[in-house]
Every structure is written in C-alpha cells, then in structure tokens.
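Next comes query-v6.txt, with compact mmCIF, C-alpha atoms.
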# COMPACT_ATOMS: atom_id res chain seq x y z
CA MET A 6 -112.51 -144.64 14.44
CA GLN A 7 -116.11 -144.04 13.50
CA SER A 8 -117.47 -145.62 16.68
CA VAL A 9 -115.49 -143.34 19.00
CA ILE A 10 -116.23 -140.25 16.86
CA VAL A 11 -119.97 -140.94 16.78
CA GLY A 12 -120.01 -141.71 20.50
CA TRP A 13 -118.32 -138.46 21.46
CA GLN A 14 -120.37 -136.42 18.97
CA ILE A 15 -123.67 -137.72 20.34
CA TYR A 16 -122.50 -137.21 23.91
CA GLU A 17 -121.57 -133.59 23.10
CA LEU A 18 -125.00 -133.04 21.56
CA THR A 19 -127.08 -134.76 24.26
CA HIS A 20 -125.03 -135.41 27.44
CA ASP A 21 -127.30 -138.42 27.92
CA ALA A 22 -126.31 -142.02 28.71
CA LEU A 23 -129.42 -143.43 27.02
CA SER A 24 -128.56 -141.59 23.79
CA LEU A 25 -125.19 -143.37 23.79
CA GLY A 26 -126.93 -146.70 24.29
CA MET A 27 -129.23 -145.93 21.37
CA ILE A 28 -126.21 -146.00 19.04
CA GLY A 29 -125.91 -149.74 19.66
CA LEU A 30 -129.64 -150.27 19.23
CA ALA A 31 -129.67 -148.33 15.94
CA GLU A 32 -127.06 -150.74 14.54
CA ALA A 33 -128.35 -153.92 16.19
CA ILE A 34 -131.94 -153.78 14.91
CA PRO A 35 -131.11 -153.92 11.16
CA PHE A 36 -128.19 -156.30 11.74
CA LEU A 37 -130.30 -158.84 13.63
CA THR A 38 -133.26 -158.40 11.26
CA VAL A 39 -131.33 -159.44 8.15
CA ALA A 40 -128.87 -161.86 9.78
CA LEU A 41 -130.45 -165.20 8.81
CA PHE A 42 -131.22 -164.07 5.26
CA ALA A 43 -127.68 -162.66 4.97
CA GLY A 44 -126.28 -166.06 5.93
CA HIS A 45 -128.36 -167.69 3.18
CA VAL A 46 -127.09 -165.07 0.71
CA ALA A 47 -123.46 -165.71 1.76
CA ASP A 48 -123.88 -169.44 1.05
CA THR A 49 -125.63 -168.81 -2.29
CA PHE A 50 -123.99 -165.83 -4.00
CA ASP A 51 -120.43 -164.70 -4.70
CA ARG A 52 -119.00 -163.84 -1.28
CA LYS A 53 -116.37 -161.46 -2.62
CA LYS A 54 -119.02 -159.37 -4.40
CA ILE A 55 -121.07 -159.19 -1.21
CA ILE A 56 -118.02 -157.92 0.68
CA LEU A 57 -117.22 -155.29 -1.96
CA ILE A 58 -120.81 -153.98 -2.13
CA THR A 59 -121.30 -153.77 1.63
CA ASN A 60 -117.90 -152.20 2.21
CA MET A 61 -118.76 -149.51 -0.34
CA ILE A 62 -121.99 -148.85 1.58
CA TYR A 63 -119.80 -148.39 4.68
CA SER A 64 -117.86 -145.73 2.79
CA PHE A 65 -121.04 -143.94 1.68
CA CYS A 66 -122.24 -143.90 5.29
CA ALA A 67 -118.95 -142.35 6.40
CA ILE A 68 -119.39 -139.67 3.72
CA ALA A 69 -122.94 -139.04 4.96
CA LEU A 70 -121.74 -138.55 8.54
CA PHE A 71 -119.04 -136.17 7.30
CA LEU A 72 -121.57 -134.06 5.37
CA ILE A 73 -124.14 -134.01 8.18
CA SER A 74 -121.50 -132.88 10.65
CA THR A 75 -119.77 -130.25 8.48
CA HIS A 76 -122.03 -128.92 5.72
CA PHE A 77 -125.60 -129.73 6.75
CA HIS A 78 -125.77 -128.57 10.35
CA PHE A 79 -129.42 -127.67 9.84
CA ALA A 80 -130.24 -131.40 9.89
CA LEU A 81 -128.84 -131.75 13.41
CA ALA A 82 -130.45 -128.47 14.47
CA GLN A 83 -133.87 -129.51 13.19
CA PHE A 84 -133.89 -133.25 13.92
CA GLY A 85 -131.32 -133.60 16.70
CA VAL A 86 -129.25 -136.78 16.57
CA LEU A 87 -131.83 -138.69 14.48
CA PRO A 88 -129.88 -138.27 11.18
CA ILE A 89 -126.82 -139.85 12.83
CA TYR A 90 -128.91 -142.79 14.05
CA LEU A 91 -130.32 -143.26 10.53
CA VAL A 92 -126.81 -143.50 9.06
CA ILE A 93 -125.81 -145.99 11.78
CA PHE A 94 -128.95 -147.96 10.88
CA LEU A 95 -127.64 -148.25 7.31
CA THR A 96 -124.23 -149.41 8.53
CA GLY A 97 -126.06 -152.08 10.56
CA LEU A 98 -127.75 -153.33 7.39
CA ALA A 99 -124.42 -153.43 5.56
CA ARG A 100 -122.71 -155.21 8.45
CA GLY A 101 -125.53 -157.74 8.59
CA PHE A 102 -124.63 -158.91 5.07
CA MET A 103 -120.88 -158.32 5.26
CA SER A 104 -120.21 -160.25 8.46
CA PRO A 105 -121.25 -163.77 7.36
CA ALA A 106 -119.78 -163.29 3.88
CA THR A 107 -116.42 -162.21 5.31
CA SER A 108 -116.23 -165.04 7.81
CA ALA A 109 -117.23 -167.67 5.25
CA PHE A 110 -114.87 -166.28 2.59
CA ALA A 111 -111.94 -166.17 5.03
CA ALA A 112 -112.43 -169.85 5.82
CA GLN A 113 -112.11 -170.63 2.09
CA LEU A 114 -108.70 -168.95 1.99
CA ILE A 115 -107.16 -170.96 4.84
CA PRO A 116 -106.35 -174.70 5.13
CA ARG A 117 -108.38 -176.37 7.88
CA GLU A 118 -105.31 -177.37 9.90
CA LEU A 119 -104.34 -173.69 10.19
CA PHE A 120 -107.72 -172.40 11.46
CA GLY A 121 -106.51 -171.95 15.03
CA ASN A 122 -103.35 -170.10 14.09
CA ALA A 123 -105.17 -168.06 11.45
CA SER A 124 -107.79 -167.01 14.03
CA THR A 125 -104.99 -165.68 16.21
CA TRP A 126 -103.37 -163.63 13.44
CA SER A 127 -106.74 -162.37 12.26
CA SER A 128 -107.37 -161.20 15.81
CA ILE A 129 -104.01 -159.40 15.85
CA SER A 130 -104.97 -157.54 12.68
CA TRP A 131 -108.41 -156.63 14.01
CA GLN A 132 -107.16 -155.56 17.44
CA THR A 133 -104.42 -153.44 15.86
CA ALA A 134 -107.21 -151.48 14.18
CA GLU A 135 -109.00 -151.35 17.55
CA ILE A 136 -105.89 -149.75 19.05
CA THR A 137 -105.07 -147.24 16.34
CA GLY A 138 -108.63 -146.38 15.28
CA PRO A 139 -110.03 -145.03 18.58
CA ALA A 140 -106.74 -143.37 19.53
CA ILE A 141 -106.38 -141.58 16.19
CA GLY A 142 -110.10 -140.81 16.01
CA GLY A 143 -110.14 -139.25 19.47
CA LEU A 144 -106.95 -137.27 18.93
CA VAL A 145 -107.97 -135.93 15.50
CA TYR A 146 -111.45 -135.05 16.79
CA GLY A 147 -109.97 -133.29 19.82
CA PHE A 148 -107.26 -131.31 18.00
CA TRP A 149 -108.55 -130.79 14.44
CA GLY A 150 -112.31 -131.20 14.68
CA ILE A 151 -115.00 -133.58 13.54
CA GLY A 152 -114.57 -132.90 9.81
CA ALA A 153 -110.98 -134.10 9.79
CA ALA A 154 -111.91 -137.13 11.89
CA TYR A 155 -114.68 -138.28 9.55
CA GLY A 156 -112.44 -137.50 6.57
CA LEU A 157 -109.95 -140.08 7.82
CA VAL A 158 -112.76 -142.61 8.26
CA ILE A 159 -113.68 -142.14 4.59
CA LEU A 160 -110.05 -142.53 3.51
CA PHE A 161 -109.53 -145.78 5.43
CA SER A 162 -112.91 -147.18 4.35
CA LEU A 163 -112.01 -146.74 0.69
CA THR A 164 -108.53 -148.18 1.32
CA GLY A 165 -110.14 -151.25 2.86
CA TRP A 166 -112.32 -151.65 -0.23
CA LEU A 167 -109.20 -151.69 -2.43
CA PHE A 168 -107.63 -154.42 -0.30
CA PHE A 169 -110.79 -156.53 -0.53
CA PHE A 170 -110.83 -156.00 -4.29
CA SER A 171 -107.28 -157.39 -4.59
CA VAL A 172 -108.18 -160.77 -3.02
CA LYS A 173 -108.78 -163.52 -5.56
CA LYS A 174 -112.23 -165.07 -5.90
CA ARG A 175 -112.93 -168.57 -4.60
CA PRO A 176 -115.50 -171.02 -6.02
CA MET A 177 -118.69 -171.41 -4.04
CA PRO A 178 -119.10 -174.76 -2.22
CA GLU A 179 -121.78 -177.07 -3.62
CA GLN A 180 -125.24 -176.65 -2.12
CA LYS A 181 -128.19 -178.98 -1.91
CA LYS A 182 -130.23 -178.43 -5.05
CA ASP A 183 -133.76 -177.05 -4.81
CA GLU A 184 -133.53 -176.55 -1.04
CA PRO A 185 -136.53 -174.44 0.08
CA ILE A 186 -135.46 -170.99 1.24
CA ILE A 187 -137.15 -171.38 4.65
CA LYS A 188 -135.22 -174.60 5.23
CA SER A 189 -132.01 -172.88 4.14
CA LEU A 190 -132.64 -169.90 6.42
CA THR A 191 -133.21 -172.09 9.48
CA ALA A 192 -130.44 -174.61 8.75
CA GLY A 193 -127.82 -172.50 10.50
CA LEU A 194 -129.98 -172.15 13.59
CA LYS A 195 -130.63 -175.89 13.76
CA PHE A 196 -126.96 -176.70 13.29
CA VAL A 197 -125.86 -174.37 16.11
CA PHE A 198 -128.58 -175.45 18.55
CA ASN A 199 -127.81 -179.11 17.90
CA ASN A 200 -124.08 -178.65 18.58
CA GLN A 201 -123.56 -178.20 22.31
CA ILE A 202 -119.97 -177.00 21.98
CA ILE A 203 -120.77 -174.20 19.51
CA LEU A 204 -123.99 -173.25 21.32
CA GLY A 205 -122.26 -173.15 24.70
CA SER A 206 -119.35 -171.02 23.51
CA VAL A 207 -121.42 -168.41 21.66
CA SER A 208 -124.04 -168.25 24.44
CA LEU A 209 -121.34 -167.63 27.03
CA ASP A 210 -119.91 -164.82 24.94
CA MET A 211 -123.33 -163.30 24.25
CA PHE A 212 -124.54 -163.04 27.83
CA ALA A 213 -121.15 -162.14 29.32
CA VAL A 214 -120.49 -159.26 26.93
CA PHE A 215 -124.16 -158.19 26.96
CA PHE A 216 -123.93 -157.46 30.67
CA GLY A 217 -120.23 -156.65 30.88
CA GLY A 218 -119.89 -154.16 28.04
CA ALA A 219 -118.74 -150.84 29.52
CA ILE A 220 -117.49 -149.35 26.24
CA ALA A 221 -120.81 -147.60 25.52
CA VAL A 222 -120.54 -145.40 28.61
CA LEU A 223 -116.83 -144.60 28.23
CA PRO A 224 -117.60 -141.04 26.96
CA ILE A 225 -119.33 -140.32 30.28
CA PHE A 226 -116.40 -141.76 32.25
CA ALA A 227 -113.97 -139.71 30.18
CA ASP A 228 -115.94 -136.51 30.76
CA GLN A 229 -117.47 -136.75 34.24
CA VAL A 230 -115.27 -139.19 36.16
CA LEU A 231 -111.78 -138.84 34.67
CA ASN A 232 -112.05 -135.37 33.02
CA VAL A 233 -109.85 -136.32 30.05
CA GLY A 234 -112.02 -135.24 27.09
CA ALA A 235 -112.09 -136.69 23.58
CA GLN A 236 -108.33 -137.22 23.51
CA GLY A 237 -108.42 -139.31 26.67
CA LEU A 238 -111.46 -141.18 25.39
CA GLY A 239 -109.48 -142.30 22.36
CA PHE A 240 -106.78 -143.82 24.58
CA LEU A 241 -109.37 -145.47 26.84
CA ARG A 242 -111.06 -147.04 23.82
CA ALA A 243 -107.70 -148.27 22.54
CA ALA A 244 -106.50 -149.77 25.84
CA PRO A 245 -108.48 -153.07 25.59
CA ALA A 246 -107.20 -153.61 22.07
CA VAL A 247 -103.57 -153.13 23.17
CA GLY A 248 -104.07 -155.92 25.69
CA ALA A 249 -105.76 -158.05 23.05
CA VAL A 250 -102.92 -157.63 20.55
CA LEU A 251 -100.26 -158.58 23.07
CA MET A 252 -102.31 -161.59 24.16
CA SER A 253 -102.77 -162.57 20.50
CA PHE A 254 -99.00 -162.69 20.01
CA LEU A 255 -98.68 -164.88 23.10
CA GLN A 256 -101.40 -167.20 21.82
CA ALA A 257 -99.81 -167.40 18.38
CA HIS A 258 -96.89 -169.18 20.02
CA ASN A 259 -98.78 -170.81 22.93
CA PRO A 260 -102.29 -171.69 21.66
CA PRO A 261 -104.94 -171.99 24.43
CA PHE A 262 -106.58 -175.08 22.89
CA LYS A 263 -105.16 -177.86 25.08
CA ASN A 264 -107.80 -177.09 27.74
CA ALA A 265 -109.98 -174.88 25.55
CA GLY A 266 -113.20 -175.15 27.56
CA ARG A 267 -111.54 -174.42 30.90
CA ASN A 268 -109.55 -171.52 29.45
CA LEU A 269 -112.71 -170.08 27.88
CA LEU A 270 -114.52 -170.00 31.22
CA ILE A 271 -111.53 -168.59 33.12
CA SER A 272 -111.01 -165.79 30.57
CA VAL A 273 -114.65 -164.66 30.65
CA PHE A 274 -114.70 -164.76 34.46
CA ALA A 275 -111.56 -162.58 34.53
CA PHE A 276 -113.26 -160.20 32.08
CA GLY A 277 -116.15 -159.76 34.53
CA LEU A 278 -113.72 -158.97 37.36
CA CYS A 279 -112.05 -156.33 35.16
CA ILE A 280 -115.40 -154.63 34.50
CA ILE A 281 -116.10 -154.35 38.23
CA ALA A 282 -112.59 -152.99 38.88
CA PHE A 283 -113.06 -150.48 36.04
CA ALA A 284 -116.19 -149.12 37.71
CA LEU A 285 -114.38 -148.59 41.02
CA ALA A 286 -111.16 -147.02 39.68
CA ARG A 287 -110.73 -143.22 39.57
CA ASN A 288 -107.20 -142.77 38.24
CA PHE A 289 -106.88 -142.41 34.45
CA TYR A 290 -103.79 -144.63 34.19
CA LEU A 291 -105.26 -147.28 36.48
CA VAL A 292 -108.43 -147.33 34.37
CA MET A 293 -106.33 -147.74 31.23
CA PHE A 294 -104.46 -150.66 32.83
CA ILE A 295 -107.71 -152.36 33.85
CA LEU A 296 -109.12 -151.92 30.34
CA PHE A 297 -105.83 -153.29 28.99
CA LEU A 298 -106.30 -156.44 31.12
CA SER A 299 -109.95 -156.75 30.05
CA GLY A 300 -108.89 -156.79 26.40
CA ALA A 301 -106.19 -159.37 27.06
CA VAL A 302 -108.48 -161.89 28.79
CA ASP A 303 -111.34 -161.24 26.37
CA ASN A 304 -109.06 -162.05 23.45
CA VAL A 305 -108.52 -165.57 24.79
CA SER A 306 -112.27 -166.26 24.64
CA VAL A 307 -112.53 -164.68 21.17
CA ILE A 308 -109.77 -166.89 19.73
CA ILE A 309 -111.22 -170.07 21.24
CA ARG A 310 -114.79 -169.31 20.14
CA HIS A 311 -113.77 -168.36 16.60
CA THR A 312 -111.67 -171.51 16.22
CA ILE A 313 -114.52 -173.69 17.52
CA ILE A 314 -116.90 -172.28 14.92
CA GLN A 315 -114.43 -172.58 12.03
CA THR A 316 -113.45 -176.14 13.01
CA TYR A 317 -116.90 -177.62 13.57
CA THR A 318 -118.75 -175.96 10.64
CA PRO A 319 -118.97 -177.60 7.17
CA ASP A 320 -117.97 -175.44 4.19
CA GLU A 321 -121.44 -175.29 2.64
CA MET A 322 -122.95 -173.87 5.85
CA ARG A 323 -120.30 -171.35 6.86
CA GLY A 324 -122.33 -168.31 5.84
CA ARG A 325 -125.45 -169.40 7.72
CA VAL A 326 -123.60 -170.53 10.84
CA SER A 327 -121.57 -167.32 10.79
CA ALA A 328 -124.85 -165.39 10.57
CA VAL A 329 -126.19 -167.18 13.65
CA ASN A 330 -122.92 -166.45 15.44
CA GLY A 331 -123.35 -162.85 14.33
CA ILE A 332 -126.79 -162.78 15.92
CA PHE A 333 -125.30 -163.90 19.22
CA ILE A 334 -122.33 -161.53 19.03
CA GLY A 335 -124.41 -158.67 17.60
CA SER A 336 -126.79 -159.12 20.50
CA SER A 337 -123.94 -158.97 22.99
CA ASN A 338 -122.15 -155.95 21.49
CA GLU A 339 -124.80 -153.59 20.11
CA LEU A 340 -127.68 -154.60 22.40
CA GLY A 341 -125.16 -154.69 25.23
CA SER A 342 -124.40 -151.04 24.48
CA PHE A 343 -128.11 -150.28 24.69
CA GLU A 344 -128.35 -152.21 27.98
CA SER A 345 -125.43 -150.21 29.37
CA GLY A 346 -127.12 -146.94 28.45
CA VAL A 347 -130.45 -147.96 29.97
CA ALA A 348 -128.81 -149.31 33.12
CA ALA A 349 -126.77 -146.14 33.54
CA ARG A 350 -129.94 -144.06 33.25
CA LEU A 351 -131.85 -146.21 35.77
CA LEU A 352 -129.17 -147.21 38.27
CA GLY A 353 -126.56 -144.50 37.85
CA LEU A 354 -123.23 -144.77 36.05
CA ILE A 355 -121.08 -146.63 38.59
CA PRO A 356 -123.76 -149.02 39.96
CA SER A 357 -124.79 -149.99 36.42
CA VAL A 358 -121.24 -151.05 35.47
CA ILE A 359 -120.78 -153.00 38.73
CA PHE A 360 -124.11 -154.72 38.08
CA GLY A 361 -123.01 -155.67 34.56
CA GLY A 362 -119.70 -157.12 35.73
CA SER A 363 -121.46 -159.10 38.46
CA MET A 364 -123.91 -160.54 35.95
CA THR A 365 -120.98 -161.61 33.77
CA LEU A 366 -119.54 -163.57 36.71
CA ALA A 367 -122.94 -165.17 37.32
CA VAL A 368 -123.20 -166.25 33.67
CA VAL A 369 -119.79 -167.95 33.81
CA ILE A 370 -120.68 -169.80 37.01
CA ALA A 371 -123.98 -170.98 35.51
CA THR A 372 -122.23 -172.13 32.31
CA TYR A 373 -119.65 -174.06 34.34
CA PHE A 374 -122.36 -176.20 35.91
CA LYS A 375 -124.81 -176.37 32.97
CA ALA A 376 -122.35 -177.09 30.11
CA PRO A 377 -119.99 -179.92 31.18
CA ILE A 378 -119.14 -180.83 27.56
CA LEU A 379 -117.87 -177.31 26.91
CA ARG A 380 -116.06 -177.25 30.26
CA ARG A 381 -114.10 -180.39 29.38
CA LEU A 382 -113.40 -179.41 25.74
CA LYS A 383 -109.85 -180.00 24.47
CA MET A 384 -108.84 -179.18 20.88

How does this structure look as structure tokens?
Amino acid sequence: MQSVIVGWQIYELTHDALSLGMIGLAEAIPFLTVALFAGHVADTFDRKKIILITNMIYSFCAIALFLISTHFHFALAQFGVLPIYLVIFLTGLARGFMSPATSAFAAQLIPRELFGNASTWSSISWQTAEITGPAIGGLVYGFWGIGAAYGLVILFSLTGWLFFFSVKKRPMPEQKKDEPIIKSLTAGLKFVFNNQIILGSVSLDMFAVFFGGAIAVLPIFADQVLNVGAQGLGFLRAAPAVGAVLMSFLQAHNPPFKNAGRNLLISVFAFGLCIIAFALARNFYLVMFILFLSGAVDNVSVIIRHTIIQTYTPDEMRGRVSAVNGIFIGSSNELGSFESGVAARLLGLIPSVIFGGSMTLAVVIATYFKAPILRRLKM
C-alpha cells in the first residue's frame, strides 16, 4: 500500500519520471549499505527481536508519512519531496536488517523437506498482499484522500507487528567461536560466489528485473497513457500479484523443480516478453492482462530461486547468505526503479520500457550459454 501511495503522491507533486526513480534509490542506498552487516547480525543475535524492532520502525515511518502529508504541509512546501525521501531512506535501513532476519528465521520454522512447498505458500501470502495492498491503497487515496490511505498503512503495519510477536522464539544455530567480524561479514559473499547454482539464479534475477522493472513508471502510464488516475494505478499495481497468486496455487500442486534450471530460464524470458508487450499496449484491460501474465511467469522464477537458496544454505549461514541475496534482489528492485526513471527521462517513456524488456531477454540468452550447470539443474 505504501509503495503505491508514495509513488502517486510524488508524481502529483513533481510530474517527473526521475523523481519516481529516486524513490527506489532512496531505499536501495541504505539497504545495500547495511546488508552484509545485517546478515552478520541475523546470524549472531535473536532473529525474532530483530524482526520486531525493524517492523516497529516501519510503523513509525508510516506515521511520519501520515503526519508530513496531513499536518505538516509546510515541510513539503519548503523542502519539496525531500522529507518523503528521508522517510523512505529510514525504511530502507529497517528493511536491510529485517530481510535477512526474516528469511533466516522462517527457515528455522520449517522442516528441510518442506522448503519447496513452504516457499510456494509463502509466495501466495506475499502476493496476496501485493494484490490487495496496491488496489486498496489506490482506491482509498483516490476516493478518501492521502490521510486515510496512510492511516490504513499504519493500521496494517501494527497488525503485522502483533503477528510477528505471536511467533515462538527459536534457538540460534551454533556459530564458530571467536570468528573475526570481517571474516563473518564476507563469509556469505564467499559462499554465494563459490556456489554456481546459487550465484547463477540470483544473478539472473538481479539483471533481468533490474532492466525489466516497469513498476516504477506505472504512475506515468496510468496518468498520461491510460488516463485512469490513482484508482486505475492501484489495479495496475495489483495485476502482477494476481497472476503470481494463481501461479503459486498451480505450483503448490505441480512444483516446477523437476527441470528447475530450464523452467527458471523460460520464466524470466517470458517476463521480458511481457515487459515489451506492456510498453506497446494502449488498452487498460489489455495492459492489466499483460501485467497479470508478467506476475505469473515471474512467480515461477521466484519460487525456484528461493527454494535453491533455502536448500543449499547451511543453518548457521542463513542470515549472511540471505543478506547477499538481498543485495542482489535489492539491486534489481530498488535500483531497477531508479534505472527505469533515468531511462524514461533520457529515452522517453515507451522506448525506455522496450529497452528494459529487450535487455532482460539478452540476459536470459547470455545465462543460457554461460551457466550450463544452472541450465541443467533438477531438484
């Protein structure tokens, strides 16, 4: 909800593609800066406490956005959108610590033989939020205003904190005693770069989504190309998640692991084709259908990649490896949003999206020839 609200708010204030891309950069810089240290923290300290603290920071940031947008308009009048970027910067810091702790803690709750199935159901839960969040956020913003929209964000953030609080603690896995912190910080990097299957899967995702992410410029499409406003933007943002949820249910009963490597490459290639088709479409319902397909095929790659990481990572390194994965994925999502904004400013809206989709196809083709072990992977 917050992502679509912030995106539309900044677009209303600036009408600038680069300003939309800066949202991703404002979150990516702190996230990537603390990622390795956050992985070390997740493997050293109580993971549940880390999750509770960072989720509370999320809630405080939502409150700050609510106040800036409703009671302290002078901040936006005097400093423009800078206060919003500063709050997003804080959420990036919180996410940098929360992401590896959550991933590592989740793996402690699930038996190893259920990792694949658990990844699918976790994806269903996440994508359900991706459907309802943007749709509700856009509708509430459009009909009742920004105050009501941010108020709901605060409510759901605090509700999430209560759910985290109810989960029982798990003992921390044993660590090597007296391991130097520099060695601990770099252990996750070394592990990933020495494992061709993990490195290949996360690299494919990073470069494909970095170039193929069109979500950042959706407010411009909603306003200038499709003329559907904030309400339509909410549905456009939700469409990929609808496809992802339906695909998750299919994968829960027909897991894509028999030919995991081949399926991973096919799904990312199809995602690139969807991005190009999205750029060329002009009908609102056709665009929604294309985004629906993009979410469906992207979900296949997400499930496979997540299962690869959970399966091949030892318990005592889950936080650090998850942090490295977060660096790759954070680079693709947030920096990809920045790339989309810059490309739209330099090339124009439509050419920039076509360029991004084409680069995604090129990345898949290169991976097919350069990573034969990943291509032949069966799980």

Residues near Leu238 (chain A), anyone? I mean within 10 Å using only C-alpha atoms, not counting same-chain ones fewer than 5 positions away, as a JSON list (two decimals) with C-alpha atoms, in the coordinates of the input.
[["chain", "number", "residue", "atom", "x", "y", "z"],
["A", 9, "VAL", "CA", -115.49, -143.34, 19.00],
["A", 10, "ILE", "CA", -116.23, -140.25, 16.86],
["A", 12, "GLY", "CA", -120.01, -141.71, 20.50],
["A", 13, "TRP", "CA", -118.32, -138.46, 21.46],
["A", 139, "PRO", "CA", -110.03, -145.03, 18.58],
["A", 140, "ALA", "CA", -106.74, -143.37, 19.53],
["A", 142, "GLY", "CA", -110.10, -140.81, 16.01],
["A", 143, "GLY", "CA", -110.14, -139.25, 19.47],
["A", 144, "LEU", "CA", -106.95, -137.27, 18.93],
["A", 147, "GLY", "CA", -109.97, -133.29, 19.82],
["A", 223, "LEU", "CA", -116.83, -144.60, 28.23],
["A", 224, "PRO", "CA", -117.60, -141.04, 26.96],
["A", 225, "ILE", "CA", -119.33, -140.32, 30.28],
["A", 226, "PHE", "CA", -116.40, -141.76, 32.25],
["A", 227, "ALA", "CA", -113.97, -139.71, 30.18],
["A", 228, "ASP", "CA", -115.94, -136.51, 30.76],
["A", 231, "LEU", "CA", -111.78, -138.84, 34.67],
["A", 232, "ASN", "CA", -112.05, -135.37, 33.02],
["A", 233, "VAL", "CA", -109.85, -136.32, 30.05],
["A", 243, "ALA", "CA", -107.70, -148.27, 22.54],
["A", 244, "ALA", "CA", -106.50, -149.77, 25.84]]

Can you pull out the residues contacting region 107-116 of chain A? Cut-off 7 Å, using all atoms listed in the file, and skip same-chain residues under 6 positions away; I want them as a PyMOL selection string. chain A and resi 52+56+323-324+327

Between A:Leu91, A:Ala286, A:Ala22, A:Gly121, which has the minimum distance to Gly353 (chain A) (counting all atoms listed in the file)?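 The closest residue to Gly353 (chain A) is A:Ala22.
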
Neighbour list for Leu157 (chain A) as a ChimeraX atom specification, cut-off 9 Å, all atoms listed in the file, skip fewer than 4 positions in-chain: /A:6,142,145,152-153,161-162

Between CA of Thr59 (chain A) and CA of Phe42 (chain A), what is the distance, to one decimal in Å?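 Separating CA of Thr59 (chain A) from CA of Phe42 (chain A) is a distance of 14.8 Å.
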
Write out as number ranges by chain which residues come within 7 Å of region 259-275 of chain A when counting only C-alpha atoms, dropping same-chain ones fewer than 5 positions away. A: 302-303, 305-306, 309, 366, 369, 379-384

What does the file look like for those residues with C-alpha atoms, as an mmCIF file, in the coordinates of the input?
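The new file selection.cif reads:
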data_model
loop_
_atom_site.group_PDB
_atom_site.id
_atom_site.type_symbol
_atom_site.label_atom_id
_atom_site.label_comp_id
_atom_site.auth_asym_id
_atom_site.auth_seq_id
_atom_site.Cartn_x
_atom_site.Cartn_y
_atom_site.Cartn_z
ATOM 1 C CA VAL A 302 -108.480 -161.890 28.790
ATOM 2 C CA ASP A 303 -111.340 -161.240 26.370
ATOM 3 C CA VAL A 305 -108.520 -165.570 24.790
ATOM 4 C CA SER A 306 -112.270 -166.260 24.640
ATOM 5 C CA ILE A 309 -111.220 -170.070 21.240
ATOM 6 C CA LEU A 366 -119.540 -163.570 36.710
ATOM 7 C CA VAL A 369 -119.790 -167.950 33.810
ATOM 8 C CA LEU A 379 -117.870 -177.310 26.910
ATOM 9 C CA ARG A 380 -116.060 -177.250 30.260
ATOM 10 C CA ARG A 381 -114.100 -180.390 29.380
ATOM 11 C CA LEU A 382 -113.400 -179.410 25.740
ATOM 12 C CA LYS A 383 -109.850 -180.000 24.470
ATOM 13 C CA MET A 384 -108.840 -179.180 20.880
#

Nearest to Glu179 (chain A) by atom-to-atom distance, counting only C-alpha atoms, from A:Gln14, A:Thr49, A:Thr312, A:Thr19: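 Checking each of A:Gln14, A:Thr49, A:Thr312, A:Thr19 against Glu179 (chain A), counting only C-alpha atoms, the winner is A:Thr49.
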
Neighbours of Val368 (chain A) within 7 Å (all atoms listed in the file; same-chain residues fewer than 4 positions away dropped), as a JSON list (two decimals) with C-alpha atoms, keeping the file's coordinate frame?
[["chain", "number", "residue", "atom", "x", "y", "z"],
["A", 212, "PHE", "CA", -124.54, -163.04, 27.83],
["A", 213, "ALA", "CA", -121.15, -162.14, 29.32],
["A", 364, "MET", "CA", -123.91, -160.54, 35.95],
["A", 372, "THR", "CA", -122.23, -172.13, 32.31]]

Check the smallest atom-to-atom distance from each of A:Ala221, A:Leu25, A:Leu41, A:Val214 to Ala328 (chain A) using all atoms listed in the file, then report the winner.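 Of A:Ala221, A:Leu25, A:Leu41, A:Val214, the one nearest Ala328 (chain A), counting all atoms listed in the file, is A:Leu41.
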
Which distance in Å separates CA of Ile281 (chain A) and CA of Ser206 (chain A), to one decimal?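 Computing the Euclidean distance for CA of Ile281 (chain A) and CA of Ser206 (chain A) yields 22.5 Å.
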
Interatomic distance (Å, one decimal) between CA of Gly239 (chain A) and CA of Ser24 (chain A):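 Separating CA of Gly239 (chain A) from CA of Ser24 (chain A) is a distance of 19.1 Å.
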
Go through A:Leu18, A:Val292, A:Ile136, A:Ala235 and flag the residue nearest Leu251 (chain A), using all atoms listed in the file for the distances.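 For Leu251 (chain A), the nearest of the candidates is A:Ile136.
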
From the coordinates I just gave you, please extract region 234-251 of chain A so that only C-alpha atoms remain, then output it as a tab-separated table (two decimals), in the first residue's frame.
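Okay, part-v1.tsv is ready:
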chain	number	residue	atom	x	y	z
A	234	GLY	CA	-5.79	8.04	-12.26
A	235	ALA	CA	-4.87	6.74	-8.81
A	236	GLN	CA	-7.73	4.23	-8.77
A	237	GLY	CA	-6.57	2.65	-12.02
A	238	LEU	CA	-2.97	2.70	-10.81
A	239	GLY	CA	-3.96	0.57	-7.82
A	240	PHE	CA	-5.43	-2.09	-10.11
A	241	LEU	CA	-2.41	-1.97	-12.43
A	242	ARG	CA	-0.07	-2.47	-9.47
A	243	ALA	CA	-2.19	-5.39	-8.25
A	244	ALA	CA	-2.43	-7.18	-11.61
A	245	PRO	CA	1.04	-8.87	-11.49
A	246	ALA	CA	0.32	-10.13	-7.99
A	247	VAL	CA	-2.99	-11.68	-9.09
A	248	GLY	CA	-1.09	-13.65	-11.71
A	249	ALA	CA	1.54	-14.60	-9.15
A	250	VAL	CA	-1.02	-15.90	-6.65
A	251	LEU	CA	-2.78	-18.06	-9.22
